[in-house]
$ cat run-v3.cif   # mmCIF, C-alpha atoms
data_data
loop_
_atom_site.label_atom_id
_atom_site.label_comp_id
_atom_site.auth_asym_id
_atom_site.auth_seq_id
_atom_site.Cartn_x
_atom_site.Cartn_y
_atom_site.Cartn_z
CA MET U 5 -46.39 62.39 39.74
CA THR U 6 -44.57 63.84 36.73
CA GLN U 7 -41.87 65.26 38.94
CA SER U 8 -41.08 61.86 40.48
CA LEU U 9 -41.05 60.30 36.99
CA TYR U 10 -38.39 62.81 35.91
CA LEU U 11 -36.40 62.06 39.05
CA VAL U 12 -36.48 58.29 38.41
CA ALA U 13 -35.60 58.72 34.71
CA GLY U 14 -32.67 60.99 35.62
CA PHE U 15 -31.42 58.48 38.18
CA VAL U 16 -31.62 55.62 35.66
CA LEU U 17 -29.75 57.75 33.10
CA LEU U 18 -27.08 58.55 35.68
CA LEU U 19 -26.66 54.86 36.50
CA ALA U 20 -26.37 54.05 32.79
CA LEU U 21 -23.55 56.60 32.39
CA VAL U 22 -21.47 55.38 35.36
CA PRO U 23 -19.59 52.64 33.40
CA PHE U 24 -18.65 55.13 30.68
CA GLY U 25 -17.41 57.57 33.30
CA ILE U 26 -15.31 54.91 35.00
CA LYS U 27 -13.78 53.86 31.68
CA TRP U 28 -12.98 57.48 30.85
CA ILE U 29 -11.31 58.01 34.24
CA GLN U 30 -9.26 54.83 33.85
CA SER U 31 -8.05 55.91 30.41
CA ARG U 32 -6.99 59.29 31.80
CA MET U 33 -5.18 57.82 34.83
CA VAL U 34 -2.96 55.19 33.23
CA GLY U 35 -0.13 56.23 35.52
CA GLY U 36 1.71 57.94 32.69
CA THR U 37 3.17 54.71 31.32
CA ALA U 38 1.21 54.42 28.09
CA LEU U 39 1.12 58.16 27.60
CA ALA U 40 4.92 58.49 28.01
CA GLY U 41 5.67 56.14 25.11
CA SER U 42 6.02 52.96 27.10
CA THR U 43 4.72 50.04 25.10
CA SER U 44 5.10 46.32 25.12
CA ARG U 45 5.20 43.98 22.18
CA VAL U 46 5.37 40.23 21.79
CA LEU U 47 8.52 39.18 19.92
CA SER U 48 7.82 35.45 19.81
CA ALA U 49 5.60 32.78 21.33
CA VAL U 50 6.36 29.07 21.26
CA ALA U 51 3.94 26.37 22.45
CA VAL U 52 5.74 23.78 24.56
CA GLY U 53 2.63 21.89 25.62
CA PRO U 54 -1.15 21.95 25.28
CA GLN U 55 -1.49 24.87 27.72
CA GLN U 56 2.11 26.04 28.15
CA ARG U 57 4.01 28.65 26.16
CA VAL U 58 7.36 30.38 26.23
CA VAL U 59 6.78 34.01 25.26
CA THR U 60 9.40 36.70 24.62
CA VAL U 61 8.17 40.25 25.14
CA GLU U 62 9.86 43.63 24.92
CA VAL U 63 8.77 46.13 27.57
CA GLY U 64 9.74 49.54 28.93
CA SER U 65 10.22 53.05 27.66
CA ALA U 66 12.14 53.79 24.48
CA ASP U 67 15.40 54.51 26.31
CA ALA U 68 15.24 51.52 28.69
CA ARG U 69 13.83 48.58 26.71
CA ILE U 70 14.05 45.13 28.35
CA CYS U 71 13.29 41.74 26.84
CA LEU U 72 11.58 39.23 29.12
CA VAL U 73 11.37 35.50 28.45
CA LEU U 74 8.19 34.34 30.18
CA GLY U 75 6.85 30.89 30.92
CA VAL U 76 3.07 31.05 30.59
CA THR U 77 0.75 28.34 31.92
CA GLN U 78 -2.94 28.27 32.64
CA GLN U 79 -2.31 29.11 36.31
CA SER U 80 0.72 31.44 36.26
CA ILE U 81 3.28 33.52 34.42
CA SER U 82 6.94 33.17 35.42
CA CYS U 83 9.90 35.27 34.32
CA LEU U 84 12.50 32.80 33.02
CA HIS U 85 15.11 35.34 31.87
CA SER U 86 15.53 39.07 31.23
CA PHE U 87 18.09 41.03 29.23
CA PRO U 88 18.49 44.50 27.69
CA ALA U 89 16.68 44.80 24.37
CA GLY U 90 19.80 45.65 22.35
CA ALA U 91 21.93 42.82 23.75
CA THR U 92 22.93 39.84 21.65
CA ALA U 93 23.00 36.45 23.31
CA VAL U 94 25.27 33.54 22.40
CA VAL U 95 22.97 30.73 21.34
CA PRO U 96 24.54 27.26 21.19
CA GLY U 97 24.45 25.77 17.71
CA GLN U 98 24.41 29.07 15.84
CA ALA U 99 27.51 30.38 14.09
CA GLY U 100 28.77 33.74 15.28
CA GLY U 101 26.55 33.76 18.35
CA ALA U 102 23.67 35.43 16.52
CA SER U 103 20.58 35.71 18.62
CA PRO U 104 17.06 35.11 17.29
CA MET U 105 16.15 38.39 19.02
CA ALA U 106 18.95 40.31 17.25
CA GLY U 107 17.91 39.63 13.69
CA GLY U 108 18.95 35.98 13.33
CA ARG U 109 16.56 33.17 12.49
CA GLY U 110 13.36 33.24 14.56
CA LEU U 111 12.24 30.48 16.87
#

$ encode --input "run-v3.cif" --output "structure tokens"
Amino acid sequence: MTQSLYLVAGFVLLLALVPFGIKWIQSRMVGGTALAGSTSRVLSAVAVGPQQRVVTVEVGSADARICLVLGVTQQSISCLHSFPAGATAVVPGQAGGASPMAGGRGL
């Protein structure tokens, strides 16, 4: 009787530890992206409707950064434009072609 109780308690303990083990394995097997210095950060987000946003994010490794302009709705995310992170864009209505992403006025 006692032996079967230990067996059931060990099995329950093993089942309780499975989620922690899965989380640990996932953190170790990120694919090398987060561990190699690849990060993403949100540069700006502008609401254009009740559930729609235009979001500018910077992604990639330190030597190959790319800015993505994304249209975000409740159902989908669409890439509207992409450009290298260090590039300056000519924005109509701004003197000198200063880009909001390159240190000009933010959106």

$ atom_distance --input "run-v3.cif" --atom1 "atom CA of U:Val59" --atom2 "atom CA of U:Gln79"
15.1 Å

$ residues_around --input "run-v3.cif" --residues "U:Val46" --least-positions-apart "3" --cutoff "8 Å" --atoms "all atoms listed in the file" --output "list in words"
Ala49, Val59, Thr60, Val61 and Glu62 of chain U

$ residues_around --input "run-v3.cif" --residues "U:Gln78" --least-positions-apart "2" --cutoff "10 Å" --atoms "all atoms listed in the file" --output "list in words"
Pro54, Gln55, Gln56, Arg57, Val76, Ser80 and Ile81 of chain U

$ atom_distance --input "run-v3.cif" --atom1 "atom CA of U:Ser86" --atom2 "atom CA of U:Ser31"
29.0 Å

$ atom_distance --input "run-v3.cif" --atom1 "atom CA of U:Ser65" --atom2 "atom CA of U:Thr43"
6.8 Å

$ closest_residue --input "run-v3.cif" --among "U:Val58, U:Leu11, U:Ala20, U:Ile29" --to "U:Leu84" --atoms "all atoms listed in the file"
U:Val58

$ closest_residue --input "run-v3.cif" --among "U:Thr77, U:Ser82, U:Gln30, U:Ser8" --to "U:Ala51" --atoms "only C-alpha atoms"
U:Thr77

$ closest_residue --input "run-v3.cif" --among "U:Leu17, U:Val50, U:Ala89, U:Met5" --to "U:Gly64" --atoms "all atoms listed in the file"
U:Ala89

$ closest_residue --input "run-v3.cif" --among "U:Leu47, U:Met33, U:Ala13, U:Leu19" --to "U:Leu74" --atoms "all atoms listed in the file"
U:Leu47

$ closest_residue --input "run-v3.cif" --among "U:Tyr10, U:Pro23, U:Gly53, U:Ser48" --to "U:Val73" --atoms "all atoms listed in the file"
U:Ser48

$ decode --input "run-v3.cif" --residues "stretch 42-88 of chain U" --atoms "N, CA and C atoms" --output "short mmCIF file (atom, residue, chain, number, x, y, z; two decimals), in the first residue's frame"
data_model
loop_
_atom_site.label_atom_id
_atom_site.label_comp_id
_atom_site.auth_asym_id
_atom_site.auth_seq_id
_atom_site.Cartn_x
_atom_site.Cartn_y
_atom_site.Cartn_z
N SER U 42 20.25 39.74 -30.96
CA SER U 42 19.17 40.20 -31.81
C SER U 42 17.99 40.61 -30.93
N THR U 43 17.61 41.85 -31.03
CA THR U 43 16.49 42.34 -30.24
C THR U 43 15.57 43.13 -31.14
N SER U 44 14.39 43.36 -30.68
CA SER U 44 13.46 44.22 -31.40
C SER U 44 12.96 45.28 -30.43
N ARG U 45 12.68 46.45 -30.97
CA ARG U 45 12.13 47.49 -30.10
C ARG U 45 11.14 48.32 -30.90
N VAL U 46 10.12 48.77 -30.23
CA VAL U 46 9.08 49.58 -30.85
C VAL U 46 9.56 51.03 -30.84
N LEU U 47 9.64 51.63 -32.04
CA LEU U 47 10.05 53.03 -32.15
C LEU U 47 8.88 53.98 -31.99
N SER U 48 7.74 53.62 -32.58
CA SER U 48 6.55 54.46 -32.45
C SER U 48 5.31 53.63 -32.73
N ALA U 49 4.19 54.08 -32.21
CA ALA U 49 2.90 53.45 -32.45
C ALA U 49 1.86 54.56 -32.53
N VAL U 50 1.10 54.56 -33.61
CA VAL U 50 0.09 55.59 -33.82
C VAL U 50 -1.25 54.91 -34.07
N ALA U 51 -2.26 55.27 -33.29
CA ALA U 51 -3.60 54.73 -33.48
C ALA U 51 -4.27 55.46 -34.65
N VAL U 52 -4.74 54.70 -35.62
CA VAL U 52 -5.44 55.30 -36.76
C VAL U 52 -6.92 54.95 -36.76
N GLY U 53 -7.34 54.20 -35.79
CA GLY U 53 -8.74 53.81 -35.65
C GLY U 53 -8.92 53.14 -34.30
N PRO U 54 -10.14 52.71 -33.99
CA PRO U 54 -10.38 52.11 -32.68
C PRO U 54 -9.57 50.83 -32.44
N GLN U 55 -9.32 50.06 -33.50
CA GLN U 55 -8.56 48.82 -33.34
C GLN U 55 -7.47 48.69 -34.39
N GLN U 56 -7.02 49.81 -34.95
CA GLN U 56 -5.97 49.80 -35.95
C GLN U 56 -4.83 50.70 -35.51
N ARG U 57 -3.60 50.25 -35.77
CA ARG U 57 -2.41 51.02 -35.42
C ARG U 57 -1.39 50.91 -36.54
N VAL U 58 -0.56 51.93 -36.64
CA VAL U 58 0.63 51.88 -37.48
C VAL U 58 1.80 51.89 -36.50
N VAL U 59 2.60 50.82 -36.54
CA VAL U 59 3.67 50.63 -35.58
C VAL U 59 4.99 50.56 -36.34
N THR U 60 6.00 51.26 -35.85
CA THR U 60 7.34 51.20 -36.43
C THR U 60 8.23 50.46 -35.43
N VAL U 61 8.83 49.35 -35.90
CA VAL U 61 9.70 48.55 -35.05
C VAL U 61 11.07 48.42 -35.70
N GLU U 62 12.07 48.24 -34.87
CA GLU U 62 13.44 48.03 -35.34
C GLU U 62 13.81 46.60 -34.96
N VAL U 63 14.22 45.80 -35.93
CA VAL U 63 14.51 44.39 -35.69
C VAL U 63 15.85 44.02 -36.31
N GLY U 64 16.37 42.86 -35.90
CA GLY U 64 17.59 42.33 -36.48
C GLY U 64 18.77 42.42 -35.54
N SER U 65 19.88 41.85 -35.98
CA SER U 65 21.10 41.89 -35.19
C SER U 65 21.73 43.26 -35.27
N ALA U 66 22.71 43.51 -34.44
CA ALA U 66 23.31 44.84 -34.33
C ALA U 66 23.92 45.32 -35.64
N ASP U 67 24.43 44.42 -36.46
CA ASP U 67 25.06 44.84 -37.70
C ASP U 67 24.10 44.89 -38.89
N ALA U 68 22.89 44.41 -38.73
CA ALA U 68 21.92 44.40 -39.83
C ALA U 68 20.54 44.80 -39.34
N ARG U 69 20.43 45.99 -38.74
CA ARG U 69 19.16 46.47 -38.22
C ARG U 69 18.26 46.91 -39.35
N ILE U 70 16.97 46.59 -39.25
CA ILE U 70 15.96 46.97 -40.25
C ILE U 70 14.78 47.57 -39.51
N CYS U 71 14.24 48.65 -40.05
CA CYS U 71 13.02 49.24 -39.51
C CYS U 71 11.85 48.75 -40.35
N LEU U 72 10.80 48.32 -39.68
CA LEU U 72 9.58 47.87 -40.34
C LEU U 72 8.43 48.77 -39.93
N VAL U 73 7.65 49.22 -40.90
CA VAL U 73 6.43 49.95 -40.62
C VAL U 73 5.30 48.94 -40.81
N LEU U 74 4.58 48.66 -39.73
CA LEU U 74 3.57 47.60 -39.72
C LEU U 74 2.18 48.19 -39.53
N GLY U 75 1.23 47.67 -40.27
CA GLY U 75 -0.17 47.97 -40.05
C GLY U 75 -0.75 46.86 -39.19
N VAL U 76 -1.26 47.21 -38.02
CA VAL U 76 -1.74 46.21 -37.07
C VAL U 76 -3.23 46.39 -36.87
N THR U 77 -3.99 45.33 -37.14
CA THR U 77 -5.43 45.31 -36.89
C THR U 77 -5.72 44.17 -35.93
N GLN U 78 -6.99 44.01 -35.62
CA GLN U 78 -7.37 42.94 -34.71
C GLN U 78 -7.15 41.56 -35.34
N GLN U 79 -7.25 41.48 -36.67
CA GLN U 79 -7.14 40.20 -37.36
C GLN U 79 -5.76 39.93 -37.94
N SER U 80 -4.97 40.97 -38.27
CA SER U 80 -3.71 40.71 -38.97
C SER U 80 -2.67 41.78 -38.71
N ILE U 81 -1.46 41.46 -39.14
CA ILE U 81 -0.34 42.40 -39.13
C ILE U 81 0.24 42.39 -40.54
N SER U 82 0.35 43.58 -41.15
CA SER U 82 0.87 43.69 -42.51
C SER U 82 2.09 44.60 -42.52
N CYS U 83 3.10 44.21 -43.28
CA CYS U 83 4.29 45.04 -43.44
C CYS U 83 3.99 46.08 -44.51
N LEU U 84 3.97 47.36 -44.12
CA LEU U 84 3.67 48.44 -45.05
C LEU U 84 4.93 48.94 -45.74
N HIS U 85 6.06 48.93 -45.03
CA HIS U 85 7.31 49.43 -45.59
C HIS U 85 8.47 48.92 -44.75
N SER U 86 9.64 48.77 -45.35
CA SER U 86 10.84 48.40 -44.61
C SER U 86 12.02 49.18 -45.17
N PHE U 87 12.96 49.52 -44.28
CA PHE U 87 14.15 50.26 -44.70
C PHE U 87 15.26 50.02 -43.68
N PRO U 88 16.53 50.18 -44.11
CA PRO U 88 17.63 50.00 -43.17
C PRO U 88 17.53 50.98 -42.00
#
